[in-house]
$ cat final-v1.pdb   # PDB, N, CA and C atoms
ATOM      1  N   MET A   1     207.598 116.671  44.516
ATOM      2  CA  MET A   1     208.226 117.721  43.704
ATOM      3  C   MET A   1     209.374 118.346  44.487
ATOM      4  N   ALA A   2     210.409 118.722  43.816
ATOM      5  CA  ALA A   2     211.598 119.291  44.444
ATOM      6  C   ALA A   2     211.353 120.748  44.832
ATOM      7  N   HIS A   3     212.116 121.233  45.788
ATOM      8  CA  HIS A   3     212.038 122.617  46.247
ATOM      9  C   HIS A   3     212.720 123.506  45.211
ATOM     10  N   ILE A   4     211.974 124.444  44.594
ATOM     11  CA  ILE A   4     212.530 125.222  43.482
ATOM     12  C   ILE A   4     212.393 126.729  43.680
ATOM     13  N   VAL A   5     212.140 127.184  44.893
ATOM     14  CA  VAL A   5     211.869 128.596  45.102
ATOM     15  C   VAL A   5     213.091 129.472  44.824
ATOM     16  N   ASN A   6     214.239 129.156  45.389
ATOM     17  CA  ASN A   6     215.421 130.006  45.259
ATOM     18  C   ASN A   6     216.483 129.369  44.373
ATOM     19  N   LEU A   7     216.129 128.999  43.179
ATOM     20  CA  LEU A   7     217.081 128.369  42.277
ATOM     21  C   LEU A   7     217.438 129.348  41.164
ATOM     22  N   PRO A   8     218.621 129.999  41.247
ATOM     23  CA  PRO A   8     219.005 130.920  40.178
ATOM     24  C   PRO A   8     219.433 130.139  38.932
ATOM     25  N   MET A   9     218.857 130.489  37.796
ATOM     26  CA  MET A   9     219.188 129.828  36.527
ATOM     27  C   MET A   9     219.474 130.912  35.493
ATOM     28  N   THR A  10     220.664 130.861  34.905
ATOM     29  CA  THR A  10     221.038 131.792  33.852
ATOM     30  C   THR A  10     221.283 131.001  32.576
ATOM     31  N   PRO A  11     220.502 131.256  31.519
ATOM     32  CA  PRO A  11     220.770 130.530  30.272
ATOM     33  C   PRO A  11     222.048 131.022  29.614
ATOM     34  N   LEU A  12     222.805 130.098  29.074
ATOM     35  CA  LEU A  12     224.019 130.430  28.336
ATOM     36  C   LEU A  12     223.674 130.418  26.850
ATOM     37  N   ILE A  13     224.210 131.343  26.106
ATOM     38  CA  ILE A  13     223.842 131.514  24.703
ATOM     39  C   ILE A  13     224.393 130.357  23.875
ATOM     40  N   PRO A  14     223.509 129.664  23.131
ATOM     41  CA  PRO A  14     224.003 128.571  22.283
ATOM     42  C   PRO A  14     224.702 129.127  21.050
ATOM     43  N   ASN A  15     225.754 128.483  20.621
ATOM     44  CA  ASN A  15     226.486 128.938  19.435
ATOM     45  C   ASN A  15     226.185 128.007  18.268
ATOM     46  N   THR A  16     224.917 127.921  17.920
ATOM     47  CA  THR A  16     224.495 127.115  16.792
ATOM     48  C   THR A  16     223.782 128.009  15.786
ATOM     49  N   SER A  17     223.904 127.708  14.530
ATOM     50  CA  SER A  17     223.254 128.513  13.503
ATOM     51  C   SER A  17     221.905 127.918  13.096
ATOM     52  N   SER A  18     221.531 126.822  13.694
ATOM     53  CA  SER A  18     220.276 126.163  13.348
ATOM     54  C   SER A  18     219.097 126.881  13.993
ATOM     55  N   ASN A  19     217.913 126.757  13.400
ATOM     56  CA  ASN A  19     216.706 127.392  13.926
ATOM     57  C   ASN A  19     216.109 126.598  15.072
ATOM     58  N   GLU A  20     216.381 125.318  15.146
ATOM     59  CA  GLU A  20     215.798 124.477  16.185
ATOM     60  C   GLU A  20     216.872 124.104  17.198
ATOM     61  N   ILE A  21     216.592 124.397  18.449
ATOM     62  CA  ILE A  21     217.540 124.121  19.527
ATOM     63  C   ILE A  21     217.015 122.949  20.336
ATOM     64  N   LYS A  22     217.796 121.909  20.421
ATOM     65  CA  LYS A  22     217.430 120.684  21.139
ATOM     66  C   LYS A  22     218.055 120.653  22.536
ATOM     67  N   GLU A  23     219.191 121.333  22.709
ATOM     68  CA  GLU A  23     219.888 121.327  23.991
ATOM     69  C   GLU A  23     220.228 122.751  24.415
ATOM     70  N   ILE A  24     219.976 123.060  25.703
ATOM     71  CA  ILE A  24     220.235 124.382  26.245
ATOM     72  C   ILE A  24     221.158 124.227  27.453
ATOM     73  N   ALA A  25     222.079 125.153  27.624
ATOM     74  CA  ALA A  25     222.979 125.152  28.778
ATOM     75  C   ALA A  25     222.541 126.234  29.754
ATOM     76  N   PHE A  26     222.573 125.915  31.032
ATOM     77  CA  PHE A  26     222.227 126.855  32.090
ATOM     78  C   PHE A  26     223.334 126.900  33.119
ATOM     79  N   LYS A  27     223.513 128.063  33.728
ATOM     80  CA  LYS A  27     224.442 128.234  34.838
ATOM     81  C   LYS A  27     223.581 128.364  36.092
ATOM     82  N   THR A  28     223.844 127.549  37.104
ATOM     83  CA  THR A  28     222.991 127.517  38.284
ATOM     84  C   THR A  28     223.824 127.352  39.550
ATOM     85  N   ALA A  29     223.162 127.271  40.679
ATOM     86  CA  ALA A  29     223.831 127.127  41.976
ATOM     87  C   ALA A  29     224.460 125.742  42.089
ATOM     88  N   PRO A  30     225.598 125.625  42.778
ATOM     89  CA  PRO A  30     226.255 124.320  42.915
ATOM     90  C   PRO A  30     225.430 123.303  43.688
ATOM     91  N   SER A  31     224.496 123.763  44.503
ATOM     92  CA  SER A  31     223.692 122.841  45.316
ATOM     93  C   SER A  31     222.481 122.287  44.572
ATOM     94  N   ALA A  32     222.208 122.749  43.362
ATOM     95  CA  ALA A  32     221.034 122.299  42.612
ATOM     96  C   ALA A  32     221.224 120.872  42.119
ATOM     97  N   SER A  33     220.183 120.073  42.263
ATOM     98  CA  SER A  33     220.236 118.696  41.778
ATOM     99  C   SER A  33     219.594 118.620  40.393
ATOM    100  N   LYS A  34     219.769 117.482  39.736
ATOM    101  CA  LYS A  34     219.182 117.294  38.408
ATOM    102  C   LYS A  34     217.659 117.355  38.476
ATOM    103  N   LEU A  35     217.085 116.787  39.525
ATOM    104  CA  LEU A  35     215.629 116.797  39.685
ATOM    105  C   LEU A  35     215.106 118.208  39.903
ATOM    106  N   GLN A  36     215.808 119.011  40.697
ATOM    107  CA  GLN A  36     215.399 120.396  40.915
ATOM    108  C   GLN A  36     215.459 121.197  39.622
ATOM    109  N   ILE A  37     216.504 121.009  38.846
ATOM    110  CA  ILE A  37     216.641 121.734  37.579
ATOM    111  C   ILE A  37     215.524 121.342  36.622
ATOM    112  N   LYS A  38     215.238 120.051  36.529
ATOM    113  CA  LYS A  38     214.181 119.576  35.642
ATOM    114  C   LYS A  38     212.821 120.123  36.059
ATOM    115  N   CYS A  39     212.503 120.064  37.347
ATOM    116  CA  CYS A  39     211.216 120.572  37.836
ATOM    117  C   CYS A  39     211.087 122.077  37.629
ATOM    118  N   PHE A  40     212.180 122.804  37.838
ATOM    119  CA  PHE A  40     212.167 124.252  37.641
ATOM    120  C   PHE A  40     211.846 124.602  36.194
ATOM    121  N   LEU A  41     212.523 123.961  35.252
ATOM    122  CA  LEU A  41     212.324 124.274  33.835
ATOM    123  C   LEU A  41     210.935 123.867  33.364
ATOM    124  N   GLU A  42     210.415 122.749  33.862
ATOM    125  CA  GLU A  42     209.080 122.321  33.466
ATOM    126  C   GLU A  42     208.008 123.212  34.079
ATOM    127  N   ALA A  43     208.233 123.721  35.288
ATOM    128  CA  ALA A  43     207.231 124.551  35.951
ATOM    129  C   ALA A  43     207.216 125.991  35.429
ATOM    130  N   PHE A  44     208.386 126.613  35.297
ATOM    131  CA  PHE A  44     208.432 128.023  34.960
ATOM    132  C   PHE A  44     208.526 128.310  33.469
ATOM    133  N   TYR A  45     209.217 127.475  32.713
ATOM    134  CA  TYR A  45     209.375 127.720  31.279
ATOM    135  C   TYR A  45     208.510 126.805  30.430
ATOM    136  N   CYS A  46     207.814 125.862  31.038
ATOM    137  CA  CYS A  46     206.939 124.913  30.330
ATOM    138  C   CYS A  46     207.697 124.106  29.279
ATOM    139  N   PHE A  47     208.960 123.788  29.556
ATOM    140  CA  PHE A  47     209.735 122.917  28.681
ATOM    141  C   PHE A  47     209.418 121.475  29.019
ATOM    142  N   LYS A  48     209.462 120.615  28.026
ATOM    143  CA  LYS A  48     209.370 119.177  28.240
ATOM    144  C   LYS A  48     210.811 118.659  28.231
ATOM    145  N   VAL A  49     211.338 118.357  29.419
ATOM    146  CA  VAL A  49     212.739 117.988  29.583
ATOM    147  C   VAL A  49     212.907 116.487  29.430
ATOM    148  N   GLN A  50     213.842 116.091  28.586
ATOM    149  CA  GLN A  50     214.139 114.678  28.379
ATOM    150  C   GLN A  50     215.267 114.224  29.299
ATOM    151  N   LYS A  51     216.344 115.036  29.388
ATOM    152  CA  LYS A  51     217.528 114.625  30.136
ATOM    153  C   LYS A  51     218.258 115.861  30.658
ATOM    154  N   VAL A  52     218.877 115.726  31.839
ATOM    155  CA  VAL A  52     219.682 116.793  32.424
ATOM    156  C   VAL A  52     221.057 116.231  32.754
ATOM    157  N   ARG A  53     222.099 116.885  32.246
ATOM    158  CA  ARG A  53     223.482 116.529  32.581
ATOM    159  C   ARG A  53     224.103 117.723  33.284
ATOM    160  N   THR A  54     224.910 117.479  34.319
ATOM    161  CA  THR A  54     225.483 118.582  35.080
ATOM    162  C   THR A  54     226.998 118.469  35.187
ATOM    163  N   LEU A  55     227.637 119.626  35.345
ATOM    164  CA  LEU A  55     229.081 119.736  35.565
ATOM    165  C   LEU A  55     229.309 120.705  36.716
ATOM    166  N   ASN A  56     230.169 120.355  37.641
ATOM    167  CA  ASN A  56     230.571 121.286  38.692
ATOM    168  C   ASN A  56     231.781 122.060  38.197
ATOM    169  N   MET A  57     231.647 123.380  38.137
ATOM    170  CA  MET A  57     232.706 124.237  37.615
ATOM    171  C   MET A  57     233.331 125.029  38.761
ATOM    172  N   LYS A  58     234.648 125.065  38.792
ATOM    173  CA  LYS A  58     235.365 125.856  39.786
ATOM    174  C   LYS A  58     235.482 127.295  39.294
ATOM    175  N   GLY A  59     235.358 128.250  40.206
ATOM    176  CA  GLY A  59     235.500 129.659  39.855
ATOM    177  C   GLY A  59     236.941 129.990  39.517
ATOM    178  N   LYS A  60     237.121 130.914  38.602
ATOM    179  CA  LYS A  60     238.471 131.298  38.190
ATOM    180  C   LYS A  60     239.149 132.111  39.292
ATOM    181  N   LYS A  61     240.426 131.904  39.424
ATOM    182  CA  LYS A  61     241.216 132.621  40.422
ATOM    183  C   LYS A  61     242.147 133.592  39.713
ATOM    184  N   LYS A  62     242.145 134.840  40.191
ATOM    185  CA  LYS A  62     243.007 135.869  39.615
ATOM    186  C   LYS A  62     243.781 136.549  40.726
ATOM    187  N   ARG A  63     244.968 137.009  40.384
ATOM    188  CA  ARG A  63     245.804 137.687  41.361
ATOM    189  C   ARG A  63     245.775 139.189  41.086
ATOM    190  N   TYR A  64     245.329 139.949  42.093
ATOM    191  CA  TYR A  64     245.329 141.405  42.023
ATOM    192  C   TYR A  64     246.280 141.921  43.084
ATOM    193  N   ALA A  65     247.322 142.588  42.659
ATOM    194  CA  ALA A  65     248.354 143.117  43.555
ATOM    195  C   ALA A  65     248.902 141.985  44.427
ATOM    196  N   ASP A  66     248.663 142.023  45.733
ATOM    197  CA  ASP A  66     249.186 140.990  46.615
ATOM    198  C   ASP A  66     248.129 139.981  47.038
ATOM    199  N   SER A  67     246.896 140.127  46.562
ATOM    200  CA  SER A  67     245.829 139.228  47.018
ATOM    201  C   SER A  67     245.347 138.327  45.884
ATOM    202  N   LEU A  68     244.744 137.229  46.269
ATOM    203  CA  LEU A  68     244.191 136.273  45.317
ATOM    204  C   LEU A  68     242.671 136.366  45.395
ATOM    205  N   VAL A  69     242.028 136.672  44.275
ATOM    206  CA  VAL A  69     240.579 136.838  44.221
ATOM    207  C   VAL A  69     240.002 135.695  43.401
ATOM    208  N   ALA A  70     238.957 135.054  43.957
ATOM    209  CA  ALA A  70     238.341 133.913  43.263
ATOM    210  C   ALA A  70     236.878 134.203  42.978
ATOM    211  N   LYS A  71     236.437 133.875  41.773
ATOM    212  CA  LYS A  71     235.014 133.964  41.445
ATOM    213  C   LYS A  71     234.325 132.754  42.069
ATOM    214  N   PRO A  72     233.027 132.849  42.332
ATOM    215  CA  PRO A  72     232.349 131.730  42.996
ATOM    216  C   PRO A  72     232.218 130.505  42.089
ATOM    217  N   ASP A  73     232.160 129.335  42.701
ATOM    218  CA  ASP A  73     231.920 128.096  41.963
ATOM    219  C   ASP A  73     230.479 128.076  41.485
ATOM    220  N   TYR A  74     230.227 127.334  40.415
ATOM    221  CA  TYR A  74     228.863 127.212  39.898
ATOM    222  C   TYR A  74     228.695 125.848  39.258
ATOM    223  N   LYS A  75     227.463 125.532  38.931
ATOM    224  CA  LYS A  75     227.147 124.276  38.260
ATOM    225  C   LYS A  75     226.590 124.608  36.889
ATOM    226  N   LYS A  76     227.064 123.904  35.883
ATOM    227  CA  LYS A  76     226.568 124.069  34.522
ATOM    228  C   LYS A  76     225.675 122.879  34.212
ATOM    229  N   ALA A  77     224.465 123.157  33.732
ATOM    230  CA  ALA A  77     223.503 122.101  33.437
ATOM    231  C   ALA A  77     223.197 122.115  31.943
ATOM    232  N   TYR A  78     223.365 120.976  31.296
ATOM    233  CA  TYR A  78     222.992 120.810  29.895
ATOM    234  C   TYR A  78     221.658 120.084  29.873
ATOM    235  N   VAL A  79     220.626 120.747  29.335
ATOM    236  CA  VAL A  79     219.268 120.217  29.347
ATOM    237  C   VAL A  79     218.877 119.835  27.925
ATOM    238  N   THR A  80     218.511 118.562  27.735
ATOM    239  CA  THR A  80     218.028 118.079  26.450
ATOM    240  C   THR A  80     216.508 118.130  26.471
ATOM    241  N   LEU A  81     215.916 118.750  25.454
ATOM    242  CA  LEU A  81     214.470 118.920  25.387
ATOM    243  C   LEU A  81     213.833 117.836  24.528
ATOM    244  N   LYS A  82     212.597 117.453  24.880
ATOM    245  CA  LYS A  82     211.871 116.479  24.060
ATOM    246  C   LYS A  82     211.427 117.118  22.752
ATOM    247  N   ASN A  83     210.920 118.354  22.838
ATOM    248  CA  ASN A  83     210.493 119.092  21.649
ATOM    249  C   ASN A  83     211.466 120.241  21.429
ATOM    250  N   PRO A  84     212.130 120.317  20.277
ATOM    251  CA  PRO A  84     213.102 121.397  20.056
ATOM    252  C   PRO A  84     212.426 122.770  20.006
ATOM    253  N   LEU A  85     213.152 123.781  20.453
ATOM    254  CA  LEU A  85     212.673 125.155  20.380
ATOM    255  C   LEU A  85     212.929 125.692  18.983
ATOM    256  N   SER A  86     211.970 126.418  18.430
ATOM    257  CA  SER A  86     212.114 126.991  17.094
ATOM    258  C   SER A  86     212.170 128.509  17.191
ATOM    259  N   PHE A  87     213.069 129.104  16.428
ATOM    260  CA  PHE A  87     213.197 130.545  16.359
ATOM    261  C   PHE A  87     213.127 130.962  14.904
ATOM    262  N   SER A  88     212.619 132.183  14.663
ATOM    263  CA  SER A  88     212.566 132.684  13.299
ATOM    264  C   SER A  88     213.966 133.087  12.848
ATOM    265  N   GLN A  89     214.163 133.153  11.546
ATOM    266  CA  GLN A  89     215.463 133.523  10.990
ATOM    267  C   GLN A  89     215.842 134.946  11.376
ATOM    268  N   ASN A  90     214.876 135.878  11.308
ATOM    269  CA  ASN A  90     215.150 137.280  11.539
ATOM    270  C   ASN A  90     214.651 137.675  12.930
ATOM    271  N   PRO A  91     215.541 137.929  13.884
ATOM    272  CA  PRO A  91     215.085 138.313  15.210
ATOM    273  C   PRO A  91     214.499 139.721  15.256
ATOM    274  N   TYR A  92     214.792 140.552  14.248
ATOM    275  CA  TYR A  92     214.252 141.905  14.169
ATOM    276  C   TYR A  92     213.339 141.990  12.949
ATOM    277  N   PRO A  93     212.028 141.818  13.126
ATOM    278  CA  PRO A  93     211.150 141.768  11.955
ATOM    279  C   PRO A  93     211.048 143.095  11.213
ATOM    280  N   PHE A  94     211.301 144.211  11.893
ATOM    281  CA  PHE A  94     211.225 145.506  11.241
ATOM    282  C   PHE A  94     212.643 145.989  10.962
ATOM    283  N   ALA A  95     213.199 145.507   9.886
ATOM    284  CA  ALA A  95     214.594 145.819   9.554
ATOM    285  C   ALA A  95     214.689 147.227   8.988
ATOM    286  N   SER A  96     215.669 147.929   9.427
ATOM    287  CA  SER A  96     215.917 149.256   8.904
ATOM    288  C   SER A  96     217.274 149.231   8.222
ATOM    289  N   THR A  97     217.331 149.761   7.040
ATOM    290  CA  THR A  97     218.583 149.734   6.287
ATOM    291  C   THR A  97     219.412 150.973   6.578
ATOM    292  N   HIS A  98     220.631 150.913   6.193
ATOM    293  CA  HIS A  98     221.545 152.030   6.384
ATOM    294  C   HIS A  98     221.071 153.231   5.567
ATOM    295  N   GLN A  99     220.528 152.988   4.387
ATOM    296  CA  GLN A  99     220.040 154.069   3.524
ATOM    297  C   GLN A  99     218.860 154.780   4.183
ATOM    298  N   ASP A 100     217.965 154.052   4.836
ATOM    299  CA  ASP A 100     216.833 154.663   5.522
ATOM    300  C   ASP A 100     217.321 155.591   6.636
ATOM    301  N   ASN A 101     218.357 155.180   7.350
ATOM    302  CA  ASN A 101     218.906 156.015   8.418
ATOM    303  C   ASN A 101     219.497 157.312   7.859
ATOM    304  N   LYS A 102     220.175 157.208   6.707
ATOM    305  CA  LYS A 102     220.746 158.414   6.086
ATOM    306  C   LYS A 102     219.631 159.366   5.668
ATOM    307  N   ASN A 103     218.563 158.826   5.056
ATOM    308  CA  ASN A 103     217.453 159.664   4.615
ATOM    309  C   ASN A 103     216.787 160.356   5.796
ATOM    310  N   GLU A 104     216.638 159.642   6.894
ATOM    311  CA  GLU A 104     216.006 160.218   8.075
ATOM    312  C   GLU A 104     216.859 161.346   8.646
ATOM    313  N   LYS A 105     218.182 161.182   8.672
ATOM    314  CA  LYS A 105     219.073 162.225   9.173
ATOM    315  C   LYS A 105     219.003 163.461   8.277
ATOM    316  N   MET A 106     218.929 163.243   6.944
ATOM    317  CA  MET A 106     218.861 164.380   6.026
ATOM    318  C   MET A 106     217.562 165.143   6.217
ATOM    319  N   LEU A 107     216.457 164.450   6.445
ATOM    320  CA  LEU A 107     215.171 165.113   6.636
ATOM    321  C   LEU A 107     215.175 165.941   7.925
ATOM    322  N   THR A 108     215.786 165.446   8.959
ATOM    323  CA  THR A 108     215.796 166.178  10.233
ATOM    324  C   THR A 108     216.726 167.384  10.177
ATOM    325  N   THR A 109     217.787 167.340   9.398
ATOM    326  CA  THR A 109     218.705 168.477   9.316
ATOM    327  C   THR A 109     218.194 169.585   8.408
ATOM    328  N   HIS A 110     217.296 169.285   7.457
ATOM    329  CA  HIS A 110     216.801 170.285   6.516
ATOM    330  C   HIS A 110     215.559 170.993   7.026
ATOM    331  N   ARG A 111     215.074 170.664   8.194
ATOM    332  CA  ARG A 111     213.865 171.333   8.725
ATOM    333  C   ARG A 111     214.183 172.598   9.430
TER     334      ARG A 111
END
$ encode --input "final-v1.pdb" --output "structure tokens"
Amino acid sequence: MAHIVNLPMTPLIPNTSSNEIKEIAFKTAPSASKLQIKCFLEAFYCFKVQKVRTLNMKGKKKRYADSLVAKPDYKKAYVTLKNPLSFSQNPYPFASTHQDNKNEKMLTTHR
């Protein structure tokens, strides 16, 4: 098993409107290998990983006054899952309408 103790993984938000997500993107350390990423996701998130693809990304460079400032390099990992993740349509099951908020404000001001 690969060494996975200090592997920072940040999930990137998918821009899909579907309820089932088959592929997830993660931002991780440039030194992480495909095997380390796969073992990390299977151990901590209990995902069944089918495939891992990686990209080495260079940090953006910006000029502030007379100096050049660079963000750190990172690795982007695209992980394909064997079983897609399912999410409900409504992420907030207790929906509150605008009318309910108005009624609540009126009740608090009339006391």
$ closest_residue --input "final-v1.pdb" --among "A:Leu12, A:Leu7, A:Leu81, A:Leu68" --to "Gln50 of chain A" --atoms "only N, CA and C atoms"
A:Leu81
$ residues_around --input "final-v1.pdb" --residues "segment 41-44 of chain A" --least-positions-apart "4" --cutoff "10 Å" --atoms "only C-alpha atoms" --output "list of chain:residue names"
A:Ile4, A:Met9, A:Gln36, A:Ile37, A:Lys48, A:Val49, A:Val79
$ residues_near_point --input "final-v1.pdb" --point "(219.9, 124.5, 33.2)" --cutoff "5 Å" --atoms "only N, CA and C atoms" --output "ChimeraX atom specification"
/A:25-26,77
$ write_last_selection --input "final-v1.pdb" --atoms "N, CA and C atoms" --output "PDB file, keeping the file's coordinate frame"
ATOM      1  N   ALA A  25     222.079 125.153  27.624  1.00  0.00           N
ATOM      2  CA  ALA A  25     222.979 125.152  28.778  1.00  0.00           C
ATOM      3  C   ALA A  25     222.541 126.234  29.754  1.00  0.00           C
ATOM      4  N   PHE A  26     222.573 125.915  31.032  1.00  0.00           N
ATOM      5  CA  PHE A  26     222.227 126.855  32.090  1.00  0.00           C
ATOM      6  C   PHE A  26     223.334 126.900  33.119  1.00  0.00           C
ATOM      7  N   ALA A  77     224.465 123.157  33.732  1.00  0.00           N
ATOM      8  CA  ALA A  77     223.503 122.101  33.437  1.00  0.00           C
ATOM      9  C   ALA A  77     223.197 122.115  31.943  1.00  0.00           C
TER      10      ALA A  77
END
$ atom_distance --input "final-v1.pdb" --atom1 "atom C of Lys62 of chain A" --atom2 "atom CA of Ala29 of chain A"
22.1 Å
$ resolve_selection --input "final-v1.pdb" --expression "the PyMOL selection byres ((chain A and resi 70) around 7)" --output "PyMOL selection string"
chain A and resi 59-62+68-69+71-73
$ select_by_dssp --input "final-v1.pdb" --residues "segment 15-81 of chain A" --states "strand (DSSP E)" --output "VMD selection string"
chain A and resid 20 to 28 49 to 57 61 to 64 67 to 70 74 to 81
$ atom_distance --input "final-v1.pdb" --atom1 "atom CA of Phe40 of chain A" --atom2 "atom CA of Lys58 of chain A"
23.4 Å
$ residues_near_point --input "final-v1.pdb" --point "(223.9, 122.7, 33.3)" --cutoff "9 Å" --atoms "only C-alpha atoms" --output "PyMOL selection string"
chain A and resi 11+24-28+34+37+52-56+75-79
$ atom_distance --input "final-v1.pdb" --atom1 "atom C of Glu20 of chain A" --atom2 "atom C of Phe47 of chain A"
14.2 Å
$ axis_aligned_box --input "final-v1.pdb" --around "segment 71-74 of chain A" --padding-each-side "3 Å" --output "lines of an AutoDock Vina configuration file"
center_x = 232.6
center_y = 129.9
center_z = 41.1
size_x = 13.7
size_y = 14.1
size_z = 9.7
$ build_atoms --input "final-v1.pdb" --residues "segment 45-61 of chain A" --atoms "N, CA, C and O atoms" --output "PDB file, in the coordinates of the input"
ATOM      1  N   TYR A  45     209.217 127.475  32.713  1.00  0.00           N
ATOM      2  CA  TYR A  45     209.375 127.720  31.279  1.00  0.00           C
ATOM      3  C   TYR A  45     208.510 126.805  30.430  1.00  0.00           C
ATOM      4  O   TYR A  45     208.500 126.934  29.209  1.00  0.00           O
ATOM      5  N   CYS A  46     207.814 125.862  31.038  1.00  0.00           N
ATOM      6  CA  CYS A  46     206.939 124.913  30.330  1.00  0.00           C
ATOM      7  C   CYS A  46     207.697 124.106  29.279  1.00  0.00           C
ATOM      8  O   CYS A  46     207.167 123.810  28.212  1.00  0.00           O
ATOM      9  N   PHE A  47     208.960 123.788  29.556  1.00  0.00           N
ATOM     10  CA  PHE A  47     209.735 122.917  28.681  1.00  0.00           C
ATOM     11  C   PHE A  47     209.418 121.475  29.019  1.00  0.00           C
ATOM     12  O   PHE A  47     209.170 121.136  30.161  1.00  0.00           O
ATOM     13  N   LYS A  48     209.462 120.615  28.026  1.00  0.00           N
ATOM     14  CA  LYS A  48     209.370 119.177  28.240  1.00  0.00           C
ATOM     15  C   LYS A  48     210.811 118.659  28.231  1.00  0.00           C
ATOM     16  O   LYS A  48     211.426 118.554  27.188  1.00  0.00           O
ATOM     17  N   VAL A  49     211.338 118.357  29.419  1.00  0.00           N
ATOM     18  CA  VAL A  49     212.739 117.988  29.583  1.00  0.00           C
ATOM     19  C   VAL A  49     212.907 116.487  29.430  1.00  0.00           C
ATOM     20  O   VAL A  49     212.191 115.704  30.056  1.00  0.00           O
ATOM     21  N   GLN A  50     213.842 116.091  28.586  1.00  0.00           N
ATOM     22  CA  GLN A  50     214.139 114.678  28.379  1.00  0.00           C
ATOM     23  C   GLN A  50     215.267 114.224  29.299  1.00  0.00           C
ATOM     24  O   GLN A  50     215.177 113.184  29.927  1.00  0.00           O
ATOM     25  N   LYS A  51     216.344 115.036  29.388  1.00  0.00           N
ATOM     26  CA  LYS A  51     217.528 114.625  30.136  1.00  0.00           C
ATOM     27  C   LYS A  51     218.258 115.861  30.658  1.00  0.00           C
ATOM     28  O   LYS A  51     218.272 116.900  30.012  1.00  0.00           O
ATOM     29  N   VAL A  52     218.877 115.726  31.839  1.00  0.00           N
ATOM     30  CA  VAL A  52     219.682 116.793  32.424  1.00  0.00           C
ATOM     31  C   VAL A  52     221.057 116.231  32.754  1.00  0.00           C
ATOM     32  O   VAL A  52     221.174 115.207  33.418  1.00  0.00           O
ATOM     33  N   ARG A  53     222.099 116.885  32.246  1.00  0.00           N
ATOM     34  CA  ARG A  53     223.482 116.529  32.581  1.00  0.00           C
ATOM     35  C   ARG A  53     224.103 117.723  33.284  1.00  0.00           C
ATOM     36  O   ARG A  53     223.855 118.865  32.895  1.00  0.00           O
ATOM     37  N   THR A  54     224.910 117.479  34.319  1.00  0.00           N
ATOM     38  CA  THR A  54     225.483 118.582  35.080  1.00  0.00           C
ATOM     39  C   THR A  54     226.998 118.469  35.187  1.00  0.00           C
ATOM     40  O   THR A  54     227.557 117.380  35.122  1.00  0.00           O
ATOM     41  N   LEU A  55     227.637 119.626  35.345  1.00  0.00           N
ATOM     42  CA  LEU A  55     229.081 119.736  35.565  1.00  0.00           C
ATOM     43  C   LEU A  55     229.309 120.705  36.716  1.00  0.00           C
ATOM     44  O   LEU A  55     228.702 121.774  36.757  1.00  0.00           O
ATOM     45  N   ASN A  56     230.169 120.355  37.641  1.00  0.00           N
ATOM     46  CA  ASN A  56     230.571 121.286  38.692  1.00  0.00           C
ATOM     47  C   ASN A  56     231.781 122.060  38.197  1.00  0.00           C
ATOM     48  O   ASN A  56     232.808 121.485  37.878  1.00  0.00           O
ATOM     49  N   MET A  57     231.647 123.380  38.137  1.00  0.00           N
ATOM     50  CA  MET A  57     232.706 124.237  37.615  1.00  0.00           C
ATOM     51  C   MET A  57     233.331 125.029  38.761  1.00  0.00           C
ATOM     52  O   MET A  57     232.619 125.588  39.591  1.00  0.00           O
ATOM     53  N   LYS A  58     234.648 125.065  38.792  1.00  0.00           N
ATOM     54  CA  LYS A  58     235.365 125.856  39.786  1.00  0.00           C
ATOM     55  C   LYS A  58     235.482 127.295  39.294  1.00  0.00           C
ATOM     56  O   LYS A  58     235.693 127.536  38.101  1.00  0.00           O
ATOM     57  N   GLY A  59     235.358 128.250  40.206  1.00  0.00           N
ATOM     58  CA  GLY A  59     235.500 129.659  39.855  1.00  0.00           C
ATOM     59  C   GLY A  59     236.941 129.990  39.517  1.00  0.00           C
ATOM     60  O   GLY A  59     237.869 129.409  40.074  1.00  0.00           O
ATOM     61  N   LYS A  60     237.121 130.914  38.602  1.00  0.00           N
ATOM     62  CA  LYS A  60     238.471 131.298  38.190  1.00  0.00           C
ATOM     63  C   LYS A  60     239.149 132.111  39.292  1.00  0.00           C
ATOM     64  O   LYS A  60     238.519 132.908  39.973  1.00  0.00           O
ATOM     65  N   LYS A  61     240.426 131.904  39.424  1.00  0.00           N
ATOM     66  CA  LYS A  61     241.216 132.621  40.422  1.00  0.00           C
ATOM     67  C   LYS A  61     242.147 133.592  39.713  1.00  0.00           C
ATOM     68  O   LYS A  61     242.828 133.236  38.771  1.00  0.00           O
TER      69      LYS A  61
END
